[in-house]
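The next block is entry29.tsv, given as TSV, C-alpha atoms.
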```
chain	number	residue	atom	x	y	z
C	1	SER	CA	-15.39	61.78	33.88
C	2	LEU	CA	-14.12	58.19	33.56
C	3	ARG	CA	-13.80	56.54	30.17
C	4	ALA	CA	-13.73	52.86	29.34
C	5	PRO	CA	-10.23	51.76	28.26
C	6	LEU	CA	-9.70	51.41	24.53
C	7	PRO	CA	-8.88	47.99	23.01
C	8	ALA	CA	-5.23	47.35	22.28
C	9	ALA	CA	-5.17	48.16	18.58
C	10	PRO	CA	-7.26	51.39	18.75
C	11	ARG	CA	-5.28	52.48	21.80
C	12	ALA	CA	-2.06	52.05	19.85
C	13	ARG	CA	-3.43	54.01	16.92
C	14	THR	CA	-4.53	56.83	19.25
C	15	ALA	CA	-1.10	56.96	20.84
C	16	LEU	CA	0.51	57.02	17.40
C	17	ALA	CA	-1.61	59.97	16.32
C	18	SER	CA	-0.68	61.98	19.42
C	19	ALA	CA	3.02	61.13	19.42
C	20	ASP	CA	5.67	63.54	18.21
C	21	SER	CA	7.79	62.77	15.16
C	22	GLY	CA	10.59	61.23	17.20
C	23	ASP	CA	8.32	58.69	18.86
C	24	ARG	CA	6.34	57.74	15.78
C	25	PRO	CA	8.55	54.84	14.54
C	26	ARG	CA	8.34	53.22	17.96
C	27	MET	CA	4.59	53.80	18.16
C	28	ALA	CA	4.10	52.45	14.63
C	29	ALA	CA	5.83	49.27	15.68
C	30	LEU	CA	3.57	49.10	18.73
C	31	ALA	CA	0.47	49.53	16.55
C	32	ALA	CA	1.62	46.80	14.16
C	33	ALA	CA	2.32	44.43	17.04
C	34	SER	CA	-1.11	45.14	18.51
C	35	ALA	CA	-2.80	44.44	15.17
C	36	VAL	CA	-0.92	41.17	14.84
C	37	GLY	CA	-1.97	40.25	18.37
C	38	VAL	CA	-5.64	40.95	17.64
C	39	ALA	CA	-5.47	38.91	14.41
C	40	GLY	CA	-3.70	36.08	16.21
C	41	ALA	CA	-6.33	36.01	18.93
C	42	ALA	CA	-9.11	35.84	16.33
C	43	ALA	CA	-7.35	33.01	14.49
C	44	ALA	CA	-6.82	31.17	17.75
C	45	GLY	CA	-10.51	31.50	18.55
C	46	ALA	CA	-11.49	30.08	15.17
C	47	GLY	CA	-8.96	27.29	15.54
C	48	SER	CA	-10.26	26.34	18.97
C	49	GLY	CA	-13.77	26.18	17.53
C	50	LEU	CA	-12.62	23.72	14.86
C	51	VAL	CA	-10.88	21.64	17.51
C	52	VAL	CA	-14.11	21.49	19.53
C	53	MET	CA	-16.06	20.40	16.44
C	54	TYR	CA	-13.47	17.75	15.60
C	55	ARG	CA	-13.49	16.33	19.13
C	56	ALA	CA	-17.29	16.26	19.16
C	57	TYR	CA	-17.35	14.34	15.88
C	58	GLU	CA	-14.65	11.93	17.04
C	59	SER	CA	-16.59	11.25	20.22
C	60	ALA	CA	-19.79	10.61	18.27
C	61	ALA	CA	-17.98	8.32	15.82
C	62	LEU	CA	-16.72	6.23	18.71
C	63	ARG	CA	-19.96	6.16	20.73
C	64	THR	CA	-22.53	5.83	17.91
C	65	PRO	CA	-20.55	4.86	14.81
C	66	ILE	CA	-23.37	3.71	12.54
C	67	ILE	CA	-25.66	6.74	12.79
C	68	THR	CA	-22.70	9.16	12.81
C	69	LYS	CA	-21.16	7.67	9.69
C	70	ALA	CA	-24.53	7.32	7.97
C	71	ALA	CA	-25.17	11.02	8.58
C	72	THR	CA	-21.66	11.89	7.40
C	73	SER	CA	-22.22	10.08	4.10
C	74	GLY	CA	-25.68	11.58	3.72
C	75	VAL	CA	-24.22	15.08	3.96
C	76	ALA	CA	-21.37	14.19	1.58
C	77	TYR	CA	-23.73	12.76	-1.02
C	78	PHE	CA	-25.99	15.79	-0.78
C	79	LEU	CA	-23.05	18.14	-1.32
C	80	GLY	CA	-21.75	16.01	-4.18
C	81	ASP	CA	-25.09	15.97	-5.98
C	82	ALA	CA	-25.58	19.69	-5.37
C	83	LEU	CA	-22.18	20.40	-6.91
C	84	ALA	CA	-23.09	18.19	-9.86
C	85	GLN	CA	-26.32	20.11	-10.40
C	86	LEU	CA	-24.56	23.44	-10.16
C	87	ARG	CA	-21.98	22.19	-12.64
C	88	VAL	CA	-24.59	21.08	-15.15
C	89	GLY	CA	-26.71	24.18	-14.54
C	90	SER	CA	-23.81	26.55	-15.09
C	91	GLY	CA	-23.82	25.87	-18.83
C	92	SER	CA	-25.83	27.54	-21.53
C	93	ALA	CA	-29.02	25.67	-20.61
C	94	LYS	CA	-29.90	26.87	-17.12
C	95	GLN	CA	-31.70	24.34	-14.94
C	96	ARG	CA	-33.53	24.70	-11.68
C	97	PHE	CA	-32.10	22.96	-8.63
C	98	ASP	CA	-33.74	19.53	-8.36
C	99	LEU	CA	-34.34	19.04	-4.65
C	100	ARG	CA	-35.85	15.58	-5.17
C	101	ARG	CA	-32.76	14.40	-6.98
C	102	ALA	CA	-30.54	15.74	-4.19
C	103	ALA	CA	-32.76	14.00	-1.64
C	104	ARG	CA	-32.42	10.68	-3.50
C	105	SER	CA	-28.64	10.96	-3.50
C	106	THR	CA	-28.63	11.94	0.18
C	107	LEU	CA	-30.75	8.92	1.10
C	108	ALA	CA	-28.51	6.63	-0.92
C	109	GLY	CA	-25.47	7.92	0.97
C	110	PHE	CA	-27.17	7.68	4.36
C	111	VAL	CA	-28.60	4.19	3.90
C	112	SER	CA	-25.84	2.57	1.89
C	113	HIS	CA	-22.46	4.21	1.90
C	114	GLY	CA	-21.81	5.23	5.52
C	115	PRO	CA	-22.89	2.04	7.31
C	116	GLN	CA	-21.45	-0.32	4.70
C	117	LEU	CA	-18.10	1.44	4.54
C	118	HIS	CA	-17.93	1.24	8.34
C	119	TYR	CA	-18.32	-2.54	8.30
C	120	TRP	CA	-16.07	-2.93	5.26
C	121	CYS	CA	-13.20	-1.18	7.04
C	122	LEU	CA	-13.73	-3.40	10.09
C	123	PHE	CA	-13.68	-6.47	7.87
C	124	LEU	CA	-10.47	-5.48	6.07
C	125	ASP	CA	-8.61	-4.70	9.29
C	126	ALA	CA	-9.70	-7.97	10.89
C	127	GLN	CA	-9.29	-10.35	7.96
C	128	VAL	CA	-6.66	-8.99	5.59
C	129	ARG	CA	-3.25	-9.51	7.17
C	130	LEU	CA	-0.35	-10.52	4.97
C	131	GLY	CA	3.36	-10.88	5.59
C	132	SER	CA	4.21	-7.19	5.50
C	133	ALA	CA	2.51	-3.85	5.95
C	134	ALA	CA	3.06	-2.98	2.29
C	135	ALA	CA	1.53	-6.24	1.06
C	136	THR	CA	-1.43	-5.81	3.39
C	137	LEU	CA	-2.01	-2.27	2.14
C	138	VAL	CA	-1.91	-3.35	-1.50
C	139	ALA	CA	-4.29	-6.23	-0.81
C	140	LYS	CA	-6.77	-3.90	0.91
C	141	ILE	CA	-6.68	-1.44	-1.98
C	142	VAL	CA	-7.15	-4.21	-4.56
C	143	LEU	CA	-10.13	-5.67	-2.69
C	144	ASP	CA	-11.62	-2.22	-2.18
C	145	GLN	CA	-11.23	-1.27	-5.82
C	146	THR	CA	-12.66	-4.50	-7.22
C	147	VAL	CA	-15.18	-6.26	-5.00
C	148	PHE	CA	-16.34	-3.36	-2.85
C	149	SER	CA	-16.21	-0.64	-5.50
C	150	LEU	CA	-18.21	-2.72	-7.97
C	151	TYR	CA	-20.78	-3.50	-5.31
C	152	LEU	CA	-21.05	0.00	-3.87
C	153	ASN	CA	-21.35	1.78	-7.22
C	154	GLY	CA	-24.02	-0.73	-8.23
C	155	VAL	CA	-25.97	-0.14	-5.04
C	156	TYR	CA	-25.79	3.62	-5.52
C	157	CYS	CA	-27.13	3.41	-9.07
C	158	ALA	CA	-29.82	0.90	-8.05
C	159	LEU	CA	-31.01	2.99	-5.10
C	160	VAL	CA	-31.18	6.21	-7.10
C	161	GLU	CA	-33.08	4.58	-9.95
C	162	ALA	CA	-35.44	2.73	-7.60
C	163	LEU	CA	-36.21	5.95	-5.73
C	164	LYS	CA	-37.09	7.52	-9.08
C	165	GLY	CA	-39.69	4.79	-9.54
C	166	ALA	CA	-37.94	2.88	-12.33
C	167	PRO	CA	-39.16	-0.72	-12.82
C	168	PRO	CA	-36.84	-3.50	-11.58
C	169	ALA	CA	-35.85	-4.55	-15.11
C	170	ALA	CA	-34.77	-1.00	-15.94
C	171	VAL	CA	-32.87	-0.70	-12.65
C	172	TRP	CA	-30.99	-3.90	-13.32
C	173	ARG	CA	-30.20	-2.85	-16.89
C	174	ARG	CA	-28.75	0.43	-15.70
C	175	VAL	CA	-26.71	-1.23	-12.95
C	176	ARG	CA	-25.21	-3.67	-15.45
C	177	ALA	CA	-24.44	-0.89	-17.92
C	178	ALA	CA	-22.76	1.18	-15.20
C	179	ALA	CA	-20.69	-1.58	-13.64
C	180	LEU	CA	-17.49	-1.77	-15.66
C	181	PRO	CA	-17.11	1.90	-16.73
C	182	SER	CA	-17.67	3.17	-13.19
C	183	LEU	CA	-15.16	0.64	-11.87
C	184	VAL	CA	-12.53	1.69	-14.39
C	185	SER	CA	-13.20	5.36	-13.64
C	186	SER	CA	-12.67	4.77	-9.93
C	187	TRP	CA	-9.25	3.26	-10.63
C	188	ARG	CA	-8.03	6.66	-11.82
C	189	PHE	CA	-8.79	8.26	-8.50
C	190	TRP	CA	-9.47	6.06	-5.48
C	191	PRO	CA	-6.36	3.85	-5.19
C	192	TRP	CA	-4.31	6.95	-4.39
C	193	VAL	CA	-6.85	8.05	-1.80
C	194	HIS	CA	-6.99	4.61	-0.19
C	195	ALA	CA	-3.23	4.44	0.06
C	196	LEU	CA	-3.83	6.91	2.89
C	197	THR	CA	-7.18	5.50	4.01
C	198	TYR	CA	-5.74	2.10	4.92
C	199	SER	CA	-2.35	3.24	6.19
C	200	VAL	CA	-2.49	6.48	8.18
C	201	VAL	CA	-6.16	7.38	8.77
C	202	PRO	CA	-7.51	6.01	12.10
C	203	LEU	CA	-10.25	3.39	11.75
C	204	HIS	CA	-12.98	5.47	13.39
C	205	LEU	CA	-12.23	8.45	11.10
C	206	ARG	CA	-12.02	6.63	7.77
C	207	VAL	CA	-15.62	7.28	6.77
C	208	LEU	CA	-15.14	10.99	7.46
C	209	TRP	CA	-11.92	11.04	5.42
C	210	VAL	CA	-13.44	9.11	2.53
C	211	ASP	CA	-16.57	11.29	2.58
C	212	CYS	CA	-14.55	14.49	2.40
C	213	VAL	CA	-12.99	13.16	-0.80
C	214	GLU	CA	-16.32	11.60	-1.76
C	215	VAL	CA	-17.88	15.01	-2.34
C	216	VAL	CA	-15.77	15.32	-5.49
C	217	TRP	CA	-16.37	11.74	-6.59
C	218	VAL	CA	-20.12	11.79	-5.91
C	219	SER	CA	-20.46	14.97	-7.93
C	220	ILE	CA	-18.95	13.02	-10.83
C	221	LEU	CA	-21.08	9.94	-10.17
C	222	ALA	CA	-24.27	11.95	-9.72
C	223	THR	CA	-23.63	13.90	-12.91
C	224	CYS	CA	-23.21	10.67	-14.83
C	225	THR	CA	-26.27	9.03	-13.30
C	226	SER	CA	-28.47	12.08	-13.92
C	227	LYS	CA	-27.62	11.98	-17.63
C	228	ALA	CA	-29.26	8.56	-17.83
C	229	ALA	CA	-32.72	10.09	-17.47
C	230	SER	CA	-33.13	10.35	-21.25
C	231	ASP	CA	-31.01	7.32	-22.12
C	232	ASP	CA	-32.87	4.09	-22.80
C	233	GLU	CA	-29.69	2.03	-23.03
C	234	GLY	CA	-28.70	2.39	-19.38
C	235	CYS	CA	-26.94	4.54	-16.89
C	236	ALA	CA	-24.72	7.15	-18.51
C	237	LEU	CA	-21.86	5.62	-16.56
C	238	GLY	CA	-22.25	2.73	-18.95
C	239	GLN	CA	-21.63	5.02	-21.91
C	240	GLY	CA	-18.18	5.84	-20.61
C	241	THR	CA	-19.00	9.45	-19.75
C	242	CYS	CA	-17.96	9.14	-16.14
C	243	ASN	CA	-14.28	9.92	-15.88
C	244	LEU	CA	-11.99	12.35	-14.20
C	245	SER	CA	-11.85	14.53	-17.30
C	246	LEU	CA	-15.07	16.01	-15.93
C	247	GLU	CA	-12.98	17.59	-13.21
C	248	GLY	CA	-10.78	19.33	-15.76
```

In structure tokens, how does this file's structure come out?
Amino acid sequence: SLRAPLPAAPRARTALASADSGDRPRMAALAAASAVGVAGAAAAGAGSGLVVMYRAYESAALRTPIITKAATSGVAYFLGDALAQLRVGSGSAKQRFDLRRAARSTLAGFVSHGPQLHYWCLFLDAQVRLGSAAATLVAKIVLDQTVFSLYLNGVYCALVEALKGAPPAAVWRRVRAAALPSLVSSWRFWPWVHALTYSVVPLHLRVLWVDCVEVVWVSILATCTSKAASDDEGCALGQGTCNLSLEG
């Protein structure tokens, strides 16, 4: 009766088992080569899948930049807040996952961060042009880490507190308390990231790049903001608790 042919690696193992002692070194080499070939094919398949995903995202970012980048930031802010909750909940006092809190952070990322970062990058590329590439890069980083960072962190805090139902006076108090400490905290981290953002990352992929890094930063920011729930003086960012030592 006819039998279906064996795949390469099993076929090599079968041949190795039936070979005499003189042929076994050669057959062992054949089996190893077959295994490497199978592993290489699997890796190539996974790699081609990632390439397809990347090209699909790039196409969407070019065709529908606002909704694509808003969704990108929404996902990043959800992941960041989820990591923050897992970090806090991994201590001695176990806490349940707060889906409403994660939803507030997701909405803040979707509504605020993605679209505004898109237009901010367009503005910087169009308006900030100095005598040299190095001077232009430094100017973009300085503007990003003063004007835009102060504004964006304030909007994040304001949106999260407003979605929690805090009165306007309390929202404003928390935004003011958070402003300077969050700005100083960002200086320890983001200038190094934006040295790449505004030099080598293509314009249409900058939100994706920033959001990949943002997952770490938002987990810090969300942790700090969540601690303000029992603080009558303002956002915990304003108490100086938001810094990169949290990552250590």

Compile the contact shell of His118 of chain C as a list in words: residues with an atom at most 7 Å away, counting only C-alpha atoms, same-chain residues fewer than 4 positions apart removed.
Gly114, Leu122 and Val207 of chain C

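With distances restricted to only C-alpha atoms, C:Arg104 is the closest residue to Cys157 of chain C from C:Ser48, C:Pro202, C:Ala133, C:Arg104.
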
For a quick check of understanding, using all atoms listed in the file, which of C:Cys121, C:Ala56, C:Val111, C:Ala102 has the smallest distance to Leu203 of chain C?
C:Cys121

Write out as an NGL selection string each polymer residue whose atoms come within 8 Å of Ala76 of chain C, counting only C-alpha atoms; drop sequence neighbours fewer than 6 positions from it.
:C and (106 or 109 or 211-212 or 214-215 or 218)

Work out how far apart atom CA of His113 of chain C and atom CA of Tyr54 of chain C are and give it in Å to one decimal.
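Atom CA of His113 of chain C sits 21.3 Å away from atom CA of Tyr54 of chain C.
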
Work out how far apart atom CA of Thr72 of chain C and atom CA of Glu58 of chain C are and give it in Å to one decimal.
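Atom-to-atom, atom CA of Thr72 of chain C and atom CA of Glu58 of chain C are spaced 11.9 Å apart.
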
Contact check, segment 90-161 of chain C to segment 190-194 of chain C, at most 9 Å, counting all atoms listed in the file, closest pairs as a tab-separated table:
```
residue	atom	partner	partner_atom	distance
C:Leu137	CA	C:His194	CA	8.8
C:Lys140	CA	C:His194	CA	8.6
C:Ile141	CA	C:Pro191	CA	6.2
C:Val142	CA	C:Pro191	CA	8.1
C:Asp144	CA	C:His194	CA	8.5
C:Gln145	CA	C:Pro191	CA	7.1
```

In Å, with one decimal, what is the gap from atom CA of Ala82 of chain C to atom CA of Asp98 of chain C?
8.7 Å
